[in-house]
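Asker: The structure's right below; bear with me while I get my questions together.
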Amino acid sequence: MGLLEGRTAVVTGAARGIGLEIARTFIDSGARVVIGDIDDEAGAAAVTELGGEDAARYVNCDVRDGAAIEHLIDVAEEAFGPLGVFVNNAGVTRDATMRTMTEEQFDDIIAIHLKGTWNGTRAAAGRMREHGGGAIVNVSSISGKVGLKGQTNYSAAKAGIIGLTKAAAKEVAFKNVRINAIQPGLIRTAMTLAMPQHVWDEKMAEIPLGRAGEPSEVAQVVLFLASDMSSYMTGTVLEITGGRHI
Ligand SMILES: NC(=O)c1ccc[n+]([C@@H]2O[C@H](COP(=O)([O-])OP(=O)(O)OC[C@H]3O[C@@H](n4cnc5c(N)ncnc54)[C@H](O)[C@@H]3O)[C@@H](O)[C@H]2O)c1
């Protein structure tokens, strides 16, 4: 039996990158997964890669829109049964120093990461409490713990996700809904490979394990938090950083 045998999981931003790897890991562990993303082409390709519609579905869903998230969960429950796991993973970066960052760049990041995670957490917890429980995993970042230059928007949003995770965990624990967060460090995805080489090199120098992480190494921790292996954990934050910023 897999750790998520028979469960219905939703992962936002899973058309590629860390989210896609989380979806793959969940399916390998017995779950069926619905991907919510805004990249329709990548979403369709992801479903094929994950084994077709018996294992995975794709729904166009902008996490900034609470009604779109409700629809995403409706599709998941109609296709695969009551929601058991929800991962708030969707995200982008709009890096710039405060001197050059526009209000739009700030607002975008707060809307996608912080409001998006609130939308997902609220909607998923609402369903799970009716089903007798479930697990929500929120993807923060080490940037939300230590604050990184050029990321006043992203650090603020990712730190906000921690407060949101803890407050929400306290509200729904009595209904057996667990909500935990992860803080990845430098993980090898399209998001980080787009960085200038000198920024990549500076980050590498700070990592005690001496290498970037792989999306699969994040997915394994998310699987732990999504499964009954972590049944006595809620409101916690796990760092996946190779020891960076401990
Ligand atoms: N890569 C890293 O080093 C790293 C480190 C810490 C945290 N994170 C976080 O992990 C998560 C995944 O990052 P990644 O590196 O896989 O990025 P990625 O760019 O490879 O994938 C992000 C996905 O989110 C989707 N997305 C963007 N905006 C969306 C929206 N409004 N609604 C729905 N989907 C949307 C994109 O289409 C894409 O498929 C993000 O929350 C990111 O902040 C990444």
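Ligands are numbered from 1 in the order shown, residues from 1 within each chain, and chains are lettered A, B, ... in the order they appear in the structure tokens.
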Check which residues of chain A sit at most 7 Å from ligand 1 using only C-alpha atoms and all ligand atoms, and return one row each with the closest pair of atoms and their distance in Å to one decimal, ordered by chain and rising number, as a tab-separated table.
Answerer:
residue	atom	partner	partner_atom_place_in_ligand_line	distance
A:Thr12	CA	ligand 1	34 (N)	5.9
A:Gly13	CA	ligand 1	24 (O)	3.4
A:Ala14	CA	ligand 1	39 (O)	5.4
A:Ala15	CA	ligand 1	39 (O)	4.3
A:Arg16	CA	ligand 1	39 (O)	4.7
A:Gly17	CA	ligand 1	16 (O)	3.5
A:Ile18	CA	ligand 1	16 (O)	3.7
A:Gly19	CA	ligand 1	16 (O)	5.6
A:Gly36	CA	ligand 1	33 (C)	6.1
A:Asp37	CA	ligand 1	34 (N)	3.8
A:Ile38	CA	ligand 1	34 (N)	4.9
A:Asp39	CA	ligand 1	37 (O)	4.8
A:Cys61	CA	ligand 1	33 (C)	5.6
A:Asp62	CA	ligand 1	32 (N)	3.6
A:Val63	CA	ligand 1	32 (N)	4.2
A:Arg64	CA	ligand 1	31 (N)	5.7
A:Asn89	CA	ligand 1	41 (O)	4.5
A:Ala90	CA	ligand 1	24 (O)	3.9
A:Gly91	CA	ligand 1	41 (O)	3.9
A:Val92	CA	ligand 1	27 (C)	5.3
A:Thr93	CA	ligand 1	43 (O)	6.9
A:Ile112	CA	ligand 1	31 (N)	5.2
A:His113	CA	ligand 1	41 (O)	6.7
A:Val139	CA	ligand 1	41 (O)	5.4
A:Ser140	CA	ligand 1	7 (C)	5.8
A:Ser141	CA	ligand 1	6 (C)	4.1
A:Ile142	CA	ligand 1	6 (C)	6.3
A:Gln183	CA	ligand 1	6 (C)	6.1
A:Pro184	CA	ligand 1	6 (C)	4.2
A:Gly185	CA	ligand 1	5 (C)	4.8
A:Leu186	CA	ligand 1	3 (O)	3.9
A:Ile187	CA	ligand 1	3 (O)	3.5
A:Arg188	CA	ligand 1	1 (N)	5.8
A:Thr189	CA	ligand 1	15 (O)	4.8
A:Ala190	CA	ligand 1	20 (O)	4.7
A:Met191	CA	ligand 1	19 (O)	4.5
A:Thr192	CA	ligand 1	1 (N)	5.2
Asker: Please produce a file of those selected residues containing C-alpha atoms, as a PDB file, in the first residue's frame.
Answerer:
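Once everything was written out, this is result_31.pdb:
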ATOM      1  CA  THR A  12      -1.559  24.054  -7.613  1.00  0.00           C
ATOM      2  CA  GLY A  13       1.160  25.178 -10.011  1.00  0.00           C
ATOM      3  CA  ALA A  14       1.882  21.534 -10.873  1.00  0.00           C
ATOM      4  CA  ALA A  15       2.168  21.885 -14.646  1.00  0.00           C
ATOM      5  CA  ARG A  16       5.947  21.922 -14.168  1.00  0.00           C
ATOM      6  CA  GLY A  17       8.772  22.235 -11.630  1.00  0.00           C
ATOM      7  CA  ILE A  18       8.384  21.307  -7.978  1.00  0.00           C
ATOM      8  CA  GLY A  19       4.594  20.957  -8.275  1.00  0.00           C
ATOM      9  CA  GLY A  36      -4.494  23.571 -11.036  1.00  0.00           C
ATOM     10  CA  ASP A  37      -2.346  25.888 -13.154  1.00  0.00           C
ATOM     11  CA  ILE A  38      -2.589  28.707 -15.695  1.00  0.00           C
ATOM     12  CA  ASP A  39      -0.300  27.119 -18.304  1.00  0.00           C
ATOM     13  CA  CYS A  61      -7.070  27.742 -12.230  1.00  0.00           C
ATOM     14  CA  ASP A  62      -5.571  31.082 -11.291  1.00  0.00           C
ATOM     15  CA  VAL A  63      -4.977  30.831  -7.544  1.00  0.00           C
ATOM     16  CA  ARG A  64      -5.698  34.537  -7.145  1.00  0.00           C
ATOM     17  CA  ASN A  89       2.509  25.429  -4.559  1.00  0.00           C
ATOM     18  CA  ALA A  90       1.767  27.878  -7.421  1.00  0.00           C
ATOM     19  CA  GLY A  91       4.149  30.795  -7.610  1.00  0.00           C
ATOM     20  CA  VAL A  92       6.282  33.206  -9.564  1.00  0.00           C
ATOM     21  CA  THR A  93       9.027  35.689  -8.780  1.00  0.00           C
ATOM     22  CA  ILE A 112      -0.332  34.962  -6.110  1.00  0.00           C
ATOM     23  CA  HIS A 113       1.562  33.619  -3.104  1.00  0.00           C
ATOM     24  CA  VAL A 139       4.988  26.031  -0.029  1.00  0.00           C
ATOM     25  CA  SER A 140       6.838  28.927   1.598  1.00  0.00           C
ATOM     26  CA  SER A 141      10.553  29.585   1.014  1.00  0.00           C
ATOM     27  CA  ILE A 142      13.709  30.122   3.007  1.00  0.00           C
ATOM     28  CA  GLN A 183      10.640  26.275   3.194  1.00  0.00           C
ATOM     29  CA  PRO A 184      12.774  25.093   0.250  1.00  0.00           C
ATOM     30  CA  GLY A 185      16.131  26.721  -0.427  1.00  0.00           C
ATOM     31  CA  LEU A 186      17.830  26.635  -3.826  1.00  0.00           C
ATOM     32  CA  ILE A 187      16.022  23.994  -5.886  1.00  0.00           C
ATOM     33  CA  ARG A 188      16.888  23.290  -9.510  1.00  0.00           C
ATOM     34  CA  THR A 189      13.799  24.405 -11.527  1.00  0.00           C
ATOM     35  CA  ALA A 190      12.977  26.807 -14.368  1.00  0.00           C
ATOM     36  CA  MET A 191      12.378  29.495 -11.721  1.00  0.00           C
ATOM     37  CA  THR A 192      15.924  29.310 -10.344  1.00  0.00           C
TER      38      THR A 192
END
Asker: Taking the backbone alone, and naming residues the way the document does, which bits of region 137-173 of chain A are alpha helix (DSSP H) by DSSP, as number ranges by chain?
Answerer: A: 143-146, 152-172
Asker: Can you tell me, as a PyMOL selection string, what residues are no more than 9 Å from Ala76 (chain A) when counting only C-alpha atoms, ignoring any on the same chain fewer than 3 positions away?
Answerer: chain A and resi 8-10+32-35+57+71-73+79-83
Asker: Could you check the closest approach to Arg127 (chain A) for each of A:Gly84, A:Gly235, A:Gly160, A:Gly2 and tell me which residue wins, using only C-alpha atoms?
Answerer: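 Using only C-alpha atoms, Arg127 (chain A) sits closest to A:Gly84.
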Asker: Identify, on the basis of only C-alpha atoms, every residue whose closest approach to region 211-228 of chain A does not exceed 7 Å; exclude the query and any residue fewer than 3 positions from it along the same chain; express the result as a PDB file with all heavy atoms, in the first residue's frame.
Answerer:
ATOM      1  N   LEU A   3       1.626   5.338   0.552  1.00  0.00           N
ATOM      2  CA  LEU A   3       1.316   6.239   1.669  1.00  0.00           C
ATOM      3  C   LEU A   3       0.042   7.046   1.439  1.00  0.00           C
ATOM      4  O   LEU A   3      -0.570   7.531   2.392  1.00  0.00           O
ATOM      5  CB  LEU A   3       2.486   7.198   1.907  1.00  0.00           C
ATOM      6  CG  LEU A   3       3.730   6.614   2.574  1.00  0.00           C
ATOM      7  CD1 LEU A   3       4.855   7.634   2.582  1.00  0.00           C
ATOM      8  CD2 LEU A   3       3.407   6.164   4.002  1.00  0.00           C
ATOM      9  N   LEU A   4      -0.335   7.231   0.166  1.00  0.00           N
ATOM     10  CA  LEU A   4      -1.551   8.014  -0.138  1.00  0.00           C
ATOM     11  C   LEU A   4      -2.573   7.171  -0.899  1.00  0.00           C
ATOM     12  O   LEU A   4      -3.354   7.708  -1.687  1.00  0.00           O
ATOM     13  CB  LEU A   4      -1.181   9.258  -0.955  1.00  0.00           C
ATOM     14  CG  LEU A   4      -0.254  10.284  -0.294  1.00  0.00           C
ATOM     15  CD1 LEU A   4      -0.004  11.463  -1.239  1.00  0.00           C
ATOM     16  CD2 LEU A   4      -0.845  10.805   1.024  1.00  0.00           C
ATOM     17  N   GLY A  17       7.946  21.918 -12.799  1.00  0.00           N
ATOM     18  CA  GLY A  17       8.772  22.235 -11.630  1.00  0.00           C
ATOM     19  C   GLY A  17       8.475  21.381 -10.403  1.00  0.00           C
ATOM     20  O   GLY A  17       8.183  20.183 -10.504  1.00  0.00           O
ATOM     21  N   ILE A  18       8.559  22.015  -9.251  1.00  0.00           N
ATOM     22  CA  ILE A  18       8.384  21.307  -7.978  1.00  0.00           C
ATOM     23  C   ILE A  18       6.971  20.704  -7.896  1.00  0.00           C
ATOM     24  O   ILE A  18       6.803  19.564  -7.456  1.00  0.00           O
ATOM     25  CB  ILE A  18       8.630  22.286  -6.802  1.00  0.00           C
ATOM     26  CG1 ILE A  18      10.121  22.686  -6.755  1.00  0.00           C
ATOM     27  CG2 ILE A  18       8.188  21.667  -5.479  1.00  0.00           C
ATOM     28  CD1 ILE A  18      10.432  23.805  -5.771  1.00  0.00           C
ATOM     29  N   GLU A  21       6.626  17.501  -9.786  1.00  0.00           N
ATOM     30  CA  GLU A  21       7.328  16.416  -9.076  1.00  0.00           C
ATOM     31  C   GLU A  21       6.510  15.946  -7.865  1.00  0.00           C
ATOM     32  O   GLU A  21       6.480  14.753  -7.551  1.00  0.00           O
ATOM     33  CB  GLU A  21       8.706  16.935  -8.636  1.00  0.00           C
ATOM     34  CG  GLU A  21       9.738  15.878  -8.446  1.00  0.00           C
ATOM     35  CD  GLU A  21       9.911  14.921  -9.626  1.00  0.00           C
ATOM     36  OE1 GLU A  21       9.926  15.372 -10.788  1.00  0.00           O
ATOM     37  OE2 GLU A  21      10.004  13.706  -9.373  1.00  0.00           O
ATOM     38  N   ILE A  22       5.837  16.883  -7.202  1.00  0.00           N
ATOM     39  CA  ILE A  22       4.953  16.501  -6.090  1.00  0.00           C
ATOM     40  C   ILE A  22       3.817  15.622  -6.628  1.00  0.00           C
ATOM     41  O   ILE A  22       3.502  14.577  -6.052  1.00  0.00           O
ATOM     42  CB  ILE A  22       4.381  17.763  -5.388  1.00  0.00           C
ATOM     43  CG1 ILE A  22       5.501  18.532  -4.675  1.00  0.00           C
ATOM     44  CG2 ILE A  22       3.268  17.377  -4.399  1.00  0.00           C
ATOM     45  CD1 ILE A  22       5.087  19.924  -4.176  1.00  0.00           C
ATOM     46  N   THR A  25       5.114  12.148  -7.364  1.00  0.00           N
ATOM     47  CA  THR A  25       5.390  11.410  -6.122  1.00  0.00           C
ATOM     48  C   THR A  25       4.086  10.945  -5.474  1.00  0.00           C
ATOM     49  O   THR A  25       3.999   9.819  -4.968  1.00  0.00           O
ATOM     50  CB  THR A  25       6.187  12.316  -5.157  1.00  0.00           C
ATOM     51  OG1 THR A  25       7.370  12.735  -5.838  1.00  0.00           O
ATOM     52  CG2 THR A  25       6.572  11.604  -3.881  1.00  0.00           C
ATOM     53  N   PHE A  26       3.069  11.799  -5.499  1.00  0.00           N
ATOM     54  CA  PHE A  26       1.766  11.428  -4.930  1.00  0.00           C
ATOM     55  C   PHE A  26       1.172  10.242  -5.701  1.00  0.00           C
ATOM     56  O   PHE A  26       0.650   9.305  -5.100  1.00  0.00           O
ATOM     57  CB  PHE A  26       0.797  12.608  -4.998  1.00  0.00           C
ATOM     58  CG  PHE A  26       0.991  13.661  -3.933  1.00  0.00           C
ATOM     59  CD1 PHE A  26       2.032  13.591  -3.010  1.00  0.00           C
ATOM     60  CD2 PHE A  26       0.109  14.738  -3.843  1.00  0.00           C
ATOM     61  CE1 PHE A  26       2.191  14.570  -2.030  1.00  0.00           C
ATOM     62  CE2 PHE A  26       0.251  15.710  -2.859  1.00  0.00           C
ATOM     63  CZ  PHE A  26       1.294  15.635  -1.965  1.00  0.00           C
ATOM     64  N   VAL A  85      -5.973  15.708   0.201  1.00  0.00           N
ATOM     65  CA  VAL A  85      -4.684  16.417   0.268  1.00  0.00           C
ATOM     66  C   VAL A  85      -4.752  17.637  -0.660  1.00  0.00           C
ATOM     67  O   VAL A  85      -5.256  17.540  -1.784  1.00  0.00           O
ATOM     68  CB  VAL A  85      -3.529  15.500  -0.213  1.00  0.00           C
ATOM     69  CG1 VAL A  85      -2.209  16.262  -0.251  1.00  0.00           C
ATOM     70  CG2 VAL A  85      -3.414  14.269   0.681  1.00  0.00           C
ATOM     71  N   ALA A 135      -5.044  16.778   4.814  1.00  0.00           N
ATOM     72  CA  ALA A 135      -3.735  17.413   5.017  1.00  0.00           C
ATOM     73  C   ALA A 135      -3.502  18.480   3.953  1.00  0.00           C
ATOM     74  O   ALA A 135      -3.681  18.230   2.757  1.00  0.00           O
ATOM     75  CB  ALA A 135      -2.630  16.361   4.950  1.00  0.00           C
ATOM     76  N   ILE A 136      -3.090  19.647   4.403  1.00  0.00           N
ATOM     77  CA  ILE A 136      -2.765  20.764   3.502  1.00  0.00           C
ATOM     78  C   ILE A 136      -1.283  21.077   3.692  1.00  0.00           C
ATOM     79  O   ILE A 136      -0.794  21.119   4.825  1.00  0.00           O
ATOM     80  CB  ILE A 136      -3.630  21.999   3.842  1.00  0.00           C
ATOM     81  CG1 ILE A 136      -5.122  21.670   3.643  1.00  0.00           C
ATOM     82  CG2 ILE A 136      -3.211  23.203   2.984  1.00  0.00           C
ATOM     83  CD1 ILE A 136      -6.073  22.737   4.162  1.00  0.00           C
ATOM     84  N   VAL A 137      -0.577  21.264   2.571  1.00  0.00           N
ATOM     85  CA  VAL A 137       0.841  21.635   2.646  1.00  0.00           C
ATOM     86  C   VAL A 137       1.042  22.941   1.886  1.00  0.00           C
ATOM     87  O   VAL A 137       0.656  23.051   0.711  1.00  0.00           O
ATOM     88  CB  VAL A 137       1.752  20.534   2.059  1.00  0.00           C
ATOM     89  CG1 VAL A 137       3.223  20.918   2.226  1.00  0.00           C
ATOM     90  CG2 VAL A 137       1.477  19.183   2.724  1.00  0.00           C
ATOM     91  N   ASN A 180       0.534  22.220   7.314  1.00  0.00           N
ATOM     92  CA  ASN A 180       1.964  22.428   7.560  1.00  0.00           C
ATOM     93  C   ASN A 180       2.580  23.167   6.375  1.00  0.00           C
ATOM     94  O   ASN A 180       1.968  23.272   5.311  1.00  0.00           O
ATOM     95  CB  ASN A 180       2.654  21.071   7.755  1.00  0.00           C
ATOM     96  CG  ASN A 180       2.211  20.389   9.045  1.00  0.00           C
ATOM     97  OD1 ASN A 180       2.587  20.800  10.136  1.00  0.00           O
ATOM     98  ND2 ASN A 180       1.377  19.349   8.920  1.00  0.00           N
ATOM     99  N   LEU A 186      17.546  26.561  -2.388  1.00  0.00           N
ATOM    100  CA  LEU A 186      17.830  26.635  -3.826  1.00  0.00           C
ATOM    101  C   LEU A 186      17.529  25.275  -4.472  1.00  0.00           C
ATOM    102  O   LEU A 186      18.259  24.310  -4.264  1.00  0.00           O
ATOM    103  CB  LEU A 186      19.297  27.006  -4.048  1.00  0.00           C
ATOM    104  CG  LEU A 186      19.745  27.159  -5.502  1.00  0.00           C
ATOM    105  CD1 LEU A 186      19.013  28.305  -6.190  1.00  0.00           C
ATOM    106  CD2 LEU A 186      21.259  27.391  -5.578  1.00  0.00           C
ATOM    107  N   ILE A 187      16.442  25.230  -5.236  1.00  0.00           N
ATOM    108  CA  ILE A 187      16.022  23.994  -5.886  1.00  0.00           C
ATOM    109  C   ILE A 187      16.134  24.197  -7.400  1.00  0.00           C
ATOM    110  O   ILE A 187      15.771  25.256  -7.920  1.00  0.00           O
ATOM    111  CB  ILE A 187      14.564  23.632  -5.502  1.00  0.00           C
ATOM    112  CG1 ILE A 187      14.364  23.675  -3.978  1.00  0.00           C
ATOM    113  CG2 ILE A 187      14.171  22.276  -6.097  1.00  0.00           C
ATOM    114  CD1 ILE A 187      15.215  22.706  -3.171  1.00  0.00           C
ATOM    115  N   ARG A 188      16.618  23.171  -8.082  1.00  0.00           N
ATOM    116  CA  ARG A 188      16.888  23.290  -9.510  1.00  0.00           C
ATOM    117  C   ARG A 188      15.588  23.203 -10.327  1.00  0.00           C
ATOM    118  O   ARG A 188      15.086  22.114 -10.593  1.00  0.00           O
ATOM    119  CB  ARG A 188      17.836  22.159  -9.925  1.00  0.00           C
ATOM    120  CG  ARG A 188      18.546  22.346 -11.219  1.00  0.00           C
ATOM    121  CD  ARG A 188      19.348  21.107 -11.548  1.00  0.00           C
ATOM    122  NE  ARG A 188      20.377  20.827 -10.556  1.00  0.00           N
ATOM    123  CZ  ARG A 188      21.572  21.399 -10.570  1.00  0.00           C
ATOM    124  NH1 ARG A 188      21.890  22.249 -11.510  1.00  0.00           N
ATOM    125  NH2 ARG A 188      22.459  21.087  -9.641  1.00  0.00           N
ATOM    126  N   MET A 204      24.981  29.147  -3.925  1.00  0.00           N
ATOM    127  CA  MET A 204      25.670  27.863  -3.777  1.00  0.00           C
ATOM    128  C   MET A 204      26.704  27.917  -2.659  1.00  0.00           C
ATOM    129  O   MET A 204      26.878  26.963  -1.893  1.00  0.00           O
ATOM    130  CB  MET A 204      26.368  27.487  -5.092  1.00  0.00           C
ATOM    131  CG  MET A 204      25.434  26.971  -6.158  1.00  0.00           C
ATOM    132  SD  MET A 204      24.785  25.351  -5.765  1.00  0.00           S
ATOM    133  CE  MET A 204      26.235  24.372  -6.065  1.00  0.00           C
ATOM    134  N   ILE A 207      25.547  27.020   0.946  1.00  0.00           N
ATOM    135  CA  ILE A 207      24.853  25.747   1.214  1.00  0.00           C
ATOM    136  C   ILE A 207      25.821  24.705   1.793  1.00  0.00           C
ATOM    137  O   ILE A 207      26.708  24.213   1.085  1.00  0.00           O
ATOM    138  CB  ILE A 207      24.214  25.188  -0.090  1.00  0.00           C
ATOM    139  CG1 ILE A 207      23.269  26.230  -0.702  1.00  0.00           C
ATOM    140  CG2 ILE A 207      23.464  23.879   0.203  1.00  0.00           C
ATOM    141  CD1 ILE A 207      22.743  25.868  -2.087  1.00  0.00           C
ATOM    142  N   SER A 231       1.061  12.283  11.176  1.00  0.00           N
ATOM    143  CA  SER A 231      -0.290  12.442  11.741  1.00  0.00           C
ATOM    144  C   SER A 231      -0.358  13.300  13.006  1.00  0.00           C
ATOM    145  O   SER A 231      -1.427  13.820  13.342  1.00  0.00           O
ATOM    146  CB  SER A 231      -0.902  11.066  12.008  1.00  0.00           C
ATOM    147  OG  SER A 231      -0.028  10.315  12.826  1.00  0.00           O
ATOM    148  N   ILE A 240      13.993  22.756   3.718  1.00  0.00           N
ATOM    149  CA  ILE A 240      14.611  21.819   2.775  1.00  0.00           C
ATOM    150  C   ILE A 240      15.671  22.615   2.018  1.00  0.00           C
ATOM    151  O   ILE A 240      15.445  23.110   0.906  1.00  0.00           O
ATOM    152  CB  ILE A 240      13.557  21.251   1.796  1.00  0.00           C
ATOM    153  CG1 ILE A 240      12.316  20.790   2.560  1.00  0.00           C
ATOM    154  CG2 ILE A 240      14.141  20.107   0.972  1.00  0.00           C
ATOM    155  CD1 ILE A 240      11.078  20.610   1.687  1.00  0.00           C
TER     156      ILE A 240
END
